[in-house]
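data.txt follows (compact mmCIF, C-alpha atoms and all ligand atoms):
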# COMPACT_ATOMS: atom_id res chain seq x y z
CA MET T 1 -5.60 38.58 7.61
CA ALA T 2 -7.45 35.95 5.56
CA VAL T 3 -4.07 34.62 4.43
CA PRO T 4 -1.21 34.85 6.98
CA LEU T 5 1.64 37.18 6.00
CA MET T 6 4.22 34.38 5.82
CA GLN T 7 1.95 32.36 3.50
CA ALA T 8 1.37 35.38 1.25
CA VAL T 9 5.13 36.03 1.10
CA ARG T 10 6.04 32.41 0.33
CA VAL T 11 3.34 31.97 -2.30
CA GLY T 12 4.18 35.39 -3.79
CA SER T 13 7.87 34.54 -4.05
CA TYR T 14 7.01 31.18 -5.64
CA VAL T 15 4.92 32.98 -8.28
CA VAL T 16 7.64 35.56 -8.96
CA LYS T 17 10.23 32.76 -9.34
CA GLN T 18 8.04 30.99 -11.90
CA HIS T 19 7.82 34.20 -13.91
CA LEU T 20 11.56 34.83 -13.67
CA LYS T 21 12.17 31.28 -14.92
CA GLY T 22 9.88 32.08 -17.86
CA ARG T 23 7.41 29.29 -17.05
CA LYS T 24 4.20 30.04 -18.94
CA LYS T 25 2.18 27.35 -17.18
CA TYR T 26 2.73 26.49 -13.55
CA PRO T 27 0.57 25.15 -10.71
CA LEU T 28 -0.46 27.41 -7.87
CA VAL T 29 -2.71 25.09 -5.87
CA LEU T 30 -2.71 21.30 -6.00
CA MET T 31 -6.27 20.05 -5.74
CA LEU T 32 -6.26 16.62 -4.19
CA GLU T 33 -9.30 14.36 -4.11
CA PRO T 34 -8.21 11.20 -2.30
CA LEU T 35 -11.76 9.82 -2.48
CA LEU T 36 -15.07 10.61 -4.15
CA ARG T 37 -17.39 9.16 -1.51
CA CYS T 38 -19.34 11.66 0.56
CA ASN T 39 -21.75 11.57 3.49
CA LEU T 40 -24.01 14.16 1.84
CA ALA T 41 -25.78 14.25 -1.52
CA CYS T 42 -25.83 17.93 -2.47
CA SER T 43 -28.05 19.04 -5.34
CA GLY T 44 -25.31 21.05 -7.04
CA CYS T 45 -22.67 18.29 -7.10
CA GLY T 46 -22.63 15.10 -9.13
CA LYS T 47 -19.55 13.49 -7.63
CA ILE T 48 -21.32 10.77 -5.71
CA ASP T 49 -23.04 9.59 -8.88
CA TYR T 50 -20.37 6.94 -9.42
CA PRO T 51 -20.71 3.19 -8.97
CA ALA T 52 -19.87 1.98 -5.46
CA ASP T 53 -16.62 0.38 -6.62
CA ILE T 54 -15.35 3.80 -7.67
CA LEU T 55 -16.67 5.51 -4.55
CA ASN T 56 -14.76 2.90 -2.55
CA GLN T 57 -11.44 3.82 -4.19
CA ARG T 58 -8.91 5.77 -2.11
CA LEU T 59 -5.64 7.45 -2.98
CA SER T 60 -3.13 6.11 -0.48
CA VAL T 61 -0.96 8.33 1.69
CA GLN T 62 1.97 7.62 -0.62
CA GLU T 63 -0.05 8.39 -3.76
CA CYS T 64 -1.07 11.74 -2.26
CA LEU T 65 2.49 12.62 -1.31
CA ASP T 66 3.77 11.50 -4.72
CA ALA T 67 1.18 13.74 -6.39
CA ASP T 68 2.39 16.62 -4.24
CA ALA T 69 6.02 15.95 -5.17
CA GLU T 70 5.16 15.76 -8.87
CA CYS T 71 3.18 18.99 -8.79
CA GLY T 72 5.23 21.13 -6.41
CA ALA T 73 2.55 23.78 -5.83
CA PRO T 74 2.94 25.75 -2.57
CA VAL T 75 -0.72 25.31 -1.60
CA VAL T 76 -2.71 22.06 -1.41
CA ALA T 77 -6.50 21.91 -1.15
CA VAL T 78 -7.71 18.49 -0.06
CA ALA T 79 -11.29 17.90 -1.14
CA GLY T 80 -13.48 15.02 -2.27
CA GLY T 81 -16.02 13.55 -1.57
CA GLU T 82 -15.74 14.07 2.13
CA PRO T 83 -12.04 13.86 3.07
CA LEU T 84 -12.74 13.01 6.72
CA LEU T 85 -14.11 9.64 5.55
CA HIS T 86 -10.56 8.69 4.51
CA LYS T 87 -9.02 6.76 7.41
CA ASP T 88 -5.49 7.94 6.57
CA MET T 89 -6.36 11.60 6.18
CA PRO T 90 -4.37 12.69 9.27
CA LYS T 91 -1.23 11.05 7.79
CA ILE T 92 -1.82 12.74 4.43
CA ILE T 93 -2.15 16.13 6.12
CA GLN T 94 0.91 15.54 8.34
CA GLY T 95 2.96 14.54 5.30
CA LEU T 96 1.99 17.68 3.40
CA ILE T 97 2.63 19.96 6.37
CA ALA T 98 6.05 18.34 6.88
CA ARG T 99 6.85 19.53 3.35
CA LYS T 100 5.74 23.05 4.33
CA ARG T 101 2.74 23.08 2.02
CA TYR T 102 -0.13 25.35 2.98
CA VAL T 103 -2.95 22.87 3.36
CA TYR T 104 -6.70 23.55 3.24
CA LEU T 105 -8.74 20.56 4.34
CA CYS T 106 -12.22 20.99 2.83
CA THR T 107 -15.01 19.35 4.81
CA ASN T 108 -18.74 19.62 5.33
CA GLY T 109 -17.99 19.55 9.07
CA LEU T 110 -20.23 16.59 9.94
CA LEU T 111 -17.33 14.46 11.19
CA LEU T 112 -15.15 17.24 12.51
CA GLU T 113 -16.01 16.88 16.19
CA LYS T 114 -15.21 13.15 16.04
CA LYS T 115 -11.94 13.60 14.14
CA ILE T 116 -10.55 16.93 15.27
CA ASP T 117 -8.08 15.52 17.79
CA ASP T 118 -6.31 13.66 14.95
CA TYR T 119 -5.08 17.08 13.77
CA LYS T 120 -2.95 19.81 15.30
CA PRO T 121 -3.11 23.57 14.71
CA SER T 122 -0.32 24.77 12.46
CA PRO T 123 0.43 27.92 10.44
CA PHE T 124 0.47 25.55 7.45
CA PHE T 125 -2.99 24.12 8.07
CA SER T 126 -6.54 25.43 7.79
CA TRP T 127 -9.92 23.78 7.99
CA ASP T 128 -12.08 24.85 5.06
CA ILE T 129 -15.73 24.35 5.99
CA HIS T 130 -18.36 24.06 3.28
CA LEU T 131 -21.07 26.62 4.00
CA ASP T 132 -23.26 27.88 1.16
CA GLY T 133 -24.94 30.68 3.08
CA ASP T 134 -27.22 31.01 6.09
CA GLN T 135 -29.21 28.16 7.61
CA LEU T 136 -31.97 28.08 4.98
CA MET T 137 -29.56 28.51 2.06
CA HIS T 138 -27.04 25.93 3.24
CA ASP T 139 -29.48 23.24 4.32
CA ALA T 140 -31.28 23.63 0.97
CA SER T 141 -27.96 23.42 -0.88
CA VAL T 142 -26.91 20.19 0.87
CA CYS T 143 -30.48 18.78 0.81
CA GLN T 144 -30.51 18.03 4.52
CA GLU T 145 -31.77 19.93 7.54
CA GLY T 146 -29.43 20.47 10.46
CA VAL T 147 -26.19 20.49 8.44
CA TYR T 148 -25.76 24.26 8.82
CA ASP T 149 -25.96 24.00 12.62
CA ARG T 150 -23.36 21.23 12.65
CA ALA T 151 -21.04 23.17 10.34
CA ILE T 152 -21.33 26.22 12.62
CA ALA T 153 -20.60 24.02 15.67
CA ALA T 154 -17.59 22.61 13.82
CA ILE T 155 -16.27 26.11 13.09
CA LYS T 156 -16.66 27.15 16.73
CA LEU T 157 -14.97 23.97 17.96
CA ALA T 158 -12.04 24.34 15.56
CA LYS T 159 -11.57 27.99 16.50
CA SER T 160 -11.71 27.13 20.22
CA LYS T 161 -8.88 24.64 19.69
CA GLY T 162 -6.68 27.21 17.96
CA PHE T 163 -7.11 26.16 14.33
CA ARG T 164 -7.30 28.48 11.36
CA VAL T 165 -10.72 28.15 9.72
CA SER T 166 -11.98 29.39 6.39
CA ILE T 167 -15.33 28.78 4.72
CA ASN T 168 -16.04 27.69 1.21
CA CYS T 169 -19.25 29.32 -0.05
CA THR T 170 -20.75 28.41 -3.41
CA LEU T 171 -23.59 30.58 -4.65
CA PHE T 172 -26.44 29.68 -6.99
CA ASP T 173 -29.03 31.74 -8.86
CA ASN T 174 -31.41 31.83 -5.90
CA ALA T 175 -28.85 33.66 -3.72
CA GLU T 176 -30.16 36.98 -2.39
CA PRO T 177 -27.42 39.61 -2.05
CA LYS T 178 -28.72 40.92 1.30
CA ARG T 179 -28.83 37.45 2.86
CA VAL T 180 -25.38 36.62 1.54
CA ALA T 181 -24.02 39.89 2.93
CA GLU T 182 -25.57 39.18 6.35
CA PHE T 183 -24.15 35.67 6.24
CA PHE T 184 -20.64 37.02 5.50
CA ASP T 185 -21.07 39.40 8.48
CA THR T 186 -22.08 36.44 10.67
CA VAL T 187 -19.06 34.30 9.82
CA MET T 188 -16.71 37.25 10.28
CA GLU T 189 -18.20 37.87 13.74
CA MET T 190 -17.56 34.19 14.53
CA GLY T 191 -13.85 34.74 13.91
CA VAL T 192 -13.61 32.83 10.64
CA ASP T 193 -10.24 33.67 9.12
CA GLY T 194 -11.31 33.83 5.50
CA ILE T 195 -14.12 33.40 3.00
CA MET T 196 -13.68 31.65 -0.32
CA THR T 197 -16.63 32.23 -2.60
CA ALA T 198 -17.56 31.37 -6.17
CA PRO T 199 -20.58 30.70 -8.36
CA GLY T 200 -21.55 27.04 -8.69
CA TYR T 201 -20.25 25.24 -11.75
CA ALA T 202 -22.91 23.33 -13.72
CA TYR T 203 -21.63 19.81 -13.11
CA GLU T 204 -23.26 17.65 -15.74
CA ARG T 205 -24.08 14.93 -13.18
CA ALA T 206 -25.55 17.34 -10.61
CA PRO T 207 -29.17 16.44 -9.80
CA ASP T 208 -30.28 20.10 -9.87
CA GLN T 209 -29.49 21.70 -13.23
CA GLU T 210 -31.93 24.58 -12.75
CA HIS T 211 -30.08 26.87 -10.34
CA PHE T 212 -26.63 27.43 -11.81
CA LEU T 213 -25.71 31.03 -12.52
CA ASN T 214 -24.78 32.29 -15.98
CA ARG T 215 -21.95 34.80 -16.26
CA GLN T 216 -24.14 37.89 -16.46
CA LYS T 217 -26.11 36.90 -13.36
CA THR T 218 -22.90 35.99 -11.54
CA LYS T 219 -21.39 39.40 -12.14
CA GLN T 220 -24.52 41.26 -11.07
CA LEU T 221 -24.91 39.09 -7.96
CA PHE T 222 -21.34 39.71 -6.83
CA ARG T 223 -21.59 43.44 -7.57
CA ASP T 224 -24.71 43.59 -5.40
CA ILE T 225 -23.05 41.60 -2.60
CA PHE T 226 -19.83 43.62 -2.68
CA ARG T 227 -21.81 46.87 -2.70
CA LEU T 228 -23.50 45.80 0.54
CA GLY T 229 -20.10 44.79 1.95
CA LYS T 230 -18.44 48.20 1.53
CA GLY T 231 -16.87 49.04 4.89
CA HIS T 232 -17.63 45.62 6.42
CA LYS T 233 -14.03 44.33 6.32
CA TRP T 234 -14.85 40.89 5.00
CA ARG T 235 -11.70 38.79 4.73
CA PHE T 236 -11.49 36.77 1.51
CA THR T 237 -8.86 34.11 0.89
CA GLN T 238 -8.97 34.99 -2.80
CA SER T 239 -7.04 37.59 -4.75
CA PRO T 240 -8.71 41.04 -4.92
CA LEU T 241 -8.43 40.78 -8.69
CA PHE T 242 -10.37 37.51 -8.74
CA LEU T 243 -13.13 39.23 -6.74
CA ASN T 244 -13.00 42.12 -9.20
CA PHE T 245 -13.40 39.54 -11.98
CA LEU T 246 -16.46 38.06 -10.24
CA ALA T 247 -17.94 41.57 -10.18
CA GLY T 248 -17.56 41.83 -13.94
CA ASN T 249 -14.57 44.13 -14.12
CA GLU T 250 -11.91 41.91 -15.70
CA GLN T 251 -12.01 40.07 -19.00
CA TYR T 252 -9.98 37.08 -17.87
CA HIS T 253 -9.34 33.89 -19.80
CA CYS T 254 -9.19 30.58 -18.00
CA THR T 255 -5.82 29.16 -16.88
CA PRO T 256 -6.90 25.73 -15.61
CA TRP T 257 -3.35 24.42 -15.12
CA GLY T 258 -3.06 26.75 -12.10
CA LYS T 259 -5.17 24.38 -9.99
CA PRO T 260 -4.49 20.85 -11.24
CA LEU T 261 -6.53 18.02 -9.77
CA LYS T 262 -5.29 14.56 -8.79
CA THR T 263 -8.15 12.17 -8.16
CA VAL T 264 -8.71 8.41 -8.00
CA PHE T 265 -8.96 8.46 -11.82
CA GLY T 266 -5.56 10.16 -12.28
CA TRP T 267 -4.66 13.77 -13.17
CA GLN T 268 -7.92 15.25 -14.40
CA ARG T 269 -8.13 17.14 -17.71
CA PRO T 270 -8.60 20.05 -17.93
CA CYS T 271 -9.55 21.21 -14.42
CA TYR T 272 -11.13 20.51 -11.06
CA LEU T 273 -14.63 21.04 -12.47
CA LEU T 274 -14.49 19.24 -15.76
CA GLY T 275 -13.37 15.62 -16.21
CA GLU T 276 -12.71 15.29 -19.93
CA GLY T 277 -9.94 12.73 -19.55
CA TYR T 278 -7.07 11.73 -17.30
CA ALA T 279 -3.28 11.81 -17.48
CA SER T 280 -1.14 9.29 -15.66
CA SER T 281 1.42 11.85 -14.49
CA PHE T 282 1.54 15.55 -13.73
CA GLU T 283 4.08 16.06 -16.50
CA GLU T 284 1.78 14.37 -18.99
CA LEU T 285 -1.11 16.57 -17.81
CA MET T 286 0.88 19.76 -18.29
CA ASN T 287 2.60 18.83 -21.55
CA ASP T 288 0.06 16.70 -23.41
CA THR T 289 -3.23 18.46 -22.64
CA GLN T 290 -4.59 20.55 -25.49
CA TRP T 291 -5.32 23.51 -23.24
CA ASP T 292 -6.66 25.66 -26.09
CA LEU T 293 -9.65 23.36 -26.34
CA TYR T 294 -10.93 24.61 -22.98
CA GLY T 295 -12.01 27.80 -21.29
CA THR T 296 -14.85 30.23 -21.86
CA GLY T 297 -15.14 30.96 -25.57
CA ASN T 298 -13.44 27.69 -26.52
CA TYR T 299 -15.80 25.04 -25.21
CA GLU T 300 -19.53 24.90 -24.58
CA LYS T 301 -19.15 23.34 -21.11
CA CYS T 302 -17.01 26.33 -20.07
CA ALA T 303 -19.46 28.99 -21.29
CA ASP T 304 -20.81 30.02 -17.88
CA CYS T 305 -17.80 29.23 -15.72
CA MET T 306 -16.32 31.91 -13.46
CA VAL T 307 -14.91 29.58 -10.82
CA HIS T 308 -11.57 30.04 -9.05
CA SER T 309 -10.31 26.70 -10.46
CA GLY T 310 -9.84 28.42 -13.78
CA TYR T 311 -9.63 32.12 -13.04
CA GLU T 312 -7.84 32.62 -9.72
CA SER T 313 -4.48 31.81 -11.31
CA THR T 314 -5.27 34.26 -14.12
CA ALA T 315 -5.85 36.91 -11.47
CA VAL T 316 -2.54 36.09 -9.77
CA LYS T 317 -0.71 36.33 -13.09
CA ASP T 318 -2.37 39.68 -13.73
CA ALA T 319 -1.21 40.89 -10.30
CA ILE T 320 2.40 40.20 -11.29
CA GLN T 321 1.97 41.96 -14.63
CA ARG T 322 0.01 44.92 -13.23
CA PRO T 323 0.99 45.39 -9.57
CA TRP T 324 -0.45 48.92 -9.54
CA HIS T 325 -3.84 47.49 -10.57
CA ILE T 326 -4.03 44.97 -7.72
CA ALA T 327 -2.86 47.67 -5.29
CA LYS T 328 -5.73 49.91 -6.38
CA VAL T 329 -8.37 47.15 -6.21
CA ALA T 330 -7.04 45.94 -2.83
CA LEU T 331 -7.44 49.49 -1.54
CA THR T 332 -10.85 50.34 -2.98
CA GLY T 333 -12.46 46.88 -3.21
CA PRO T 334 -14.10 45.47 -6.34
CA GLN T 335 -15.78 48.02 -8.59
CA VAL T 336 -19.55 47.77 -8.16
CA ASP T 337 -20.78 50.40 -10.62
CA GLY T 338 -20.17 51.46 -14.19
CA PRO T 339 -19.86 49.40 -17.34
CA MET T 340 -18.62 45.83 -17.06
CA ALA T 341 -15.64 44.46 -18.97
CA PRO T 342 -16.62 43.06 -22.39
CA GLU T 343 -17.82 39.47 -22.33
CA ILE T 344 -15.90 36.75 -24.14
CA ASP T 345 -17.30 35.87 -27.57
CA LEU T 346 -18.93 32.42 -27.47
CA SER T 347 -19.72 32.17 -31.17
CA ARG T 348 -16.73 29.95 -31.97
CA GLN T 349 -16.86 27.62 -28.97
CA ARG T 350 -16.83 23.92 -29.80
CA PRO T 351 -19.83 21.85 -28.76
CA ALA T 352 -19.85 19.79 -25.55
CA GLU T 353 -18.56 16.24 -25.65
CA TYR T 354 -19.63 13.56 -23.19
CA GLY T 355 -17.25 10.87 -21.99
CA TYR T 356 -18.59 9.99 -18.53
CA THR T 357 -19.58 6.40 -19.27
CA GLN T 358 -16.31 5.65 -21.03
CA GLN T 359 -14.30 7.00 -18.08
CA VAL T 360 -16.37 5.05 -15.56
CA GLU T 361 -16.02 1.86 -17.58
CA GLY T 362 -12.26 2.40 -17.87
CA LEU T 363 -11.77 2.78 -14.14
CA LEU T 364 -14.09 -0.12 -13.36
CA ALA T 365 -12.13 -2.34 -15.75
CA LYS T 366 -8.94 -1.35 -13.94
CA ILE T 367 -10.50 -2.12 -10.56
CA GLN T 368 -11.79 -5.48 -11.79
CA SER T 369 -8.40 -6.45 -13.20
CA THR T 370 -6.92 -6.07 -9.72
CA SER T 371 -9.94 -7.50 -7.87
CA PRO T 372 -11.99 -9.92 -10.05
CA SER T 373 -14.47 -10.64 -7.23
CA LYS T 374 -15.98 -7.21 -7.83
CA ARG T 375 -16.94 -8.02 -11.41
CA SER T 376 -20.61 -8.90 -10.92
CA THR T 377 -21.44 -5.90 -8.71
CA THR T 378 -19.74 -3.41 -11.00
CA ILE T 379 -21.47 -4.78 -14.09
CA ARG T 380 -24.83 -4.56 -12.33
CA ARG T 381 -24.16 -0.99 -11.26
CA ILE T 382 -22.87 0.33 -14.56
CA LYS T 383 -26.09 -0.72 -16.27
CA THR T 384 -27.87 1.88 -14.15
CA VAL T 385 -25.48 4.68 -15.12
CA LYS T 386 -27.19 6.99 -17.60
CA THR T 387 -25.06 9.22 -19.75
CA THR T 388 -26.06 12.79 -20.37
CA GLU T 389 -26.62 11.80 -24.00
CA GLN T 390 -29.04 9.09 -22.91
CA VAL T 391 -30.87 11.53 -20.66
CA LYS T 392 -31.10 14.00 -23.54
CA GLU T 393 -32.32 11.32 -25.92
CA ALA T 394 -34.96 10.18 -23.45
CA SER T 395 -36.33 13.68 -22.86
S1 LIG G 401 -13.60 27.59 -17.90
FE1 LIG G 401 -11.70 26.67 -17.15
S2 LIG G 401 -12.09 26.20 -14.98
FE2 LIG G 401 -14.05 26.57 -15.95
S3 LIG G 401 -14.79 24.51 -16.54
FE3 LIG G 401 -13.70 25.39 -18.32
S4 LIG G 401 -11.59 24.68 -18.15
FE4 LIG G 401 -12.57 24.36 -16.15
Now that the file is in, can you turn its structure into structure tokens?
Amino acid sequence: MAVPLMQAVRVGSYVVKQHLKGRKKYPLVLMLEPLLRCNLACSGCGKIDYPADILNQRLSVQECLDADAECGAPVVAVAGGEPLLHKDMPKIIQGLIARKRYVYLCTNGLLLEKKIDDYKPSPFFSWDIHLDGDQLMHDASVCQEGVYDRAIAAIKLAKSKGFRVSINCTLFDNAEPKRVAEFFDTVMEMGVDGIMTAPGYAYERAPDQEHFLNRQKTKQLFRDIFRLGKGHKWRFTQSPLFLNFLAGNEQYHCTPWGKPLKTVFGWQRPCYLLGEGYASSFEELMNDTQWDLYGTGNYEKCADCMVHSGYESTAVKDAIQRPWHIAKVALTGPQVDGPMAPEIDLSRQRPAEYGYTQQVEGLLAKIQSTSPSKRSTTIRRIKTVKTTEQVKEAS
């Protein structure tokens, strides 16, 4: 199974309890980014486009465990940046496992061989290796040759040492269904426990803005992939209803509070993908965020999004409300033919707002107030930061 039975039972009972308590908004997965620094510079990600003083920030072990206690979600995904660059990562993972959280440690695999003995196999722990397709696809995605081979070696090593391993596969508009299907076959043959897949989100700081999928292309791509996968027994870590949504069969609305993100800036509003502001506590995030401002149909930056950060929790909620529906989709797989569910009307979405520079300046000011010696370097660096507005004006 992509998700062990005990994990499915515990997460399922947590979800049912939230519904019985009448909680309309609750977290399902805590997304934790204890650092933004990475050892790769992928074309579809803009996270390393911060000044060095921000990239050098780390959430401490205690800050990570406090975030977990505040949030209380049964699953924690630790991402970044590259989490294995954080010297205290083993302590963070141990602390979360001790609380019986199901932890996914997302990594590009480059440091896994060096660090693997700092971790122990556990039913509560899984490596989640970033792999955006076969060798050509992945090396192109991460803008560096040889990364695919090292990620594959990392998967084999982790499996040989008894760890659970899943892969995290982001697809862009140059993905070919046949190649993706063959790639899924390959990782299944390698014994990977589960695949998590999604279309890339158009991060505004990503260097490559040309290859993000729109919703129509996303749905067709996943239909074509799932059609080729009929009978192949691919194991996905995601809900069957989320996969059915990717294939265009569900008209879901975003529920971004299901996967709240704690990062070096604070609790990110509204979601893992979109940094429109930060709350200082989880409670403030949940209670003071104007959630209706976000999601497809509400906000221009959300127009093309079909990522699990916003829609997996919607699928889980739907499973509780329509258990017969998830049973049917789990049995037959996502629907790959026939009309798609109606698309969300975008005519009333509000235009995009840009606050990157303000956020960066705010965090730099905070860093400087605690460490004045950094003042000159941060001022030098921030002058080179171009806002999206400036880029637009210049073009
Ligand atoms: S649709 Fe939801 S998950 Fe996607 S960017 Fe918008 S708020 Fe985030």
Could you list, with a cut-off of 7 Å and counting all atoms listed in the file, the residues of chain T near ligand LIG 401 (chain G), each shown with its nearest atom pair and the distance in Å rounded to one decimal, rows sorted by chain and ascending number, as a tab-separated table?
residue	atom	partner	partner_atom	distance
T:Cys254	CA	G:LIG401	FE1	4.7
T:Thr255	CA	G:LIG401	FE1	6.4
T:Pro256	CA	G:LIG401	FE1	5.1
T:Pro270	CA	G:LIG401	S4	5.5
T:Cys271	CA	G:LIG401	FE4	4.7
T:Tyr272	CA	G:LIG401	FE4	6.5
T:Leu273	CA	G:LIG401	S3	5.4
T:Leu274	CA	G:LIG401	S3	5.3
T:Tyr294	CA	G:LIG401	S4	4.9
T:Gly295	CA	G:LIG401	S1	3.8
T:Thr296	CA	G:LIG401	S1	4.9
T:Lys301	CA	G:LIG401	S3	6.4
T:Cys302	CA	G:LIG401	FE3	3.9
T:Ala303	CA	G:LIG401	S1	6.9
T:Cys305	CA	G:LIG401	FE2	4.6
T:Met306	CA	G:LIG401	FE2	6.3
T:Val307	CA	G:LIG401	FE2	6.0
T:Ser309	CA	G:LIG401	S2	4.9
T:Gly310	CA	G:LIG401	S2	3.4
T:Tyr311	CA	G:LIG401	S2	6.7
Using only C-alpha atoms, find each residue in range 24-102 of chain T having at least one atom no more than 7 Å away from range 183-206 of chain T; report its shortest atom-to-atom pair and that distance in Å (one decimal), rows by chain then rising number, as JSON lines.
{"residue": "T:Ser43", "atom": "CA", "partner": "T:Ala206", "partner_atom": "CA", "distance": 6.1}
{"residue": "T:Gly44", "atom": "CA", "partner": "T:Ala206", "partner_atom": "CA", "distance": 5.2}
{"residue": "T:Cys45", "atom": "CA", "partner": "T:Ala206", "partner_atom": "CA", "distance": 4.6}
{"residue": "T:Gly46", "atom": "CA", "partner": "T:Ala206", "partner_atom": "CA", "distance": 4.0}
{"residue": "T:Asp49", "atom": "CA", "partner": "T:Arg205", "partner_atom": "CA", "distance": 6.9}
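Here the residues that fall within 8 Å of (0.7, 24.5, 9.9), using only C-alpha atoms, are given as Ile97, Lys100, Tyr102, Val103, Pro121, Ser122, Pro123, Phe124, Phe125 and Ser126 of chain T.
Distance annotation: of T:Phe212, T:Trp127, T:Tyr14, T:Phe236, the residue with the minimal separation from Ala330 in chain T is T:Phe236; atom set is only C-alpha atoms.
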Which neighbours of His130 in chain T fall inside 8 Å, counting all atoms listed in the file, when residues of the same chain fewer than 2 positions from it are skipped, and could you give them as a ChimeraX atom specification? /T:106-109,128,132,151,167-169
Which neighbours of Pro27 in chain T fall inside 9 Å, counting all atoms listed in the file, when residues of the same chain fewer than 4 positions from it are skipped, and could you give them as a PDB file with C-alpha atoms, in the coordinates of the input?
ATOM      1  CA  CYS T  71       3.180  18.990  -8.790  1.00  0.00           C
ATOM      2  CA  GLY T  72       5.230  21.130  -6.410  1.00  0.00           C
ATOM      3  CA  ALA T  73       2.550  23.780  -5.830  1.00  0.00           C
ATOM      4  CA  PRO T  74       2.940  25.750  -2.570  1.00  0.00           C
ATOM      5  CA  PRO T 256      -6.900  25.730 -15.610  1.00  0.00           C
ATOM      6  CA  TRP T 257      -3.350  24.420 -15.120  1.00  0.00           C
ATOM      7  CA  GLY T 258      -3.060  26.750 -12.100  1.00  0.00           C
ATOM      8  CA  LYS T 259      -5.170  24.380  -9.990  1.00  0.00           C
ATOM      9  CA  PRO T 260      -4.490  20.850 -11.240  1.00  0.00           C
ATOM     10  CA  SER T 313      -4.480  31.810 -11.310  1.00  0.00           C
TER      11      SER T 313
END
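Here CA of Val329 in chain T stands at a distance of 25.8 Å from CA of Ala77 in chain T.
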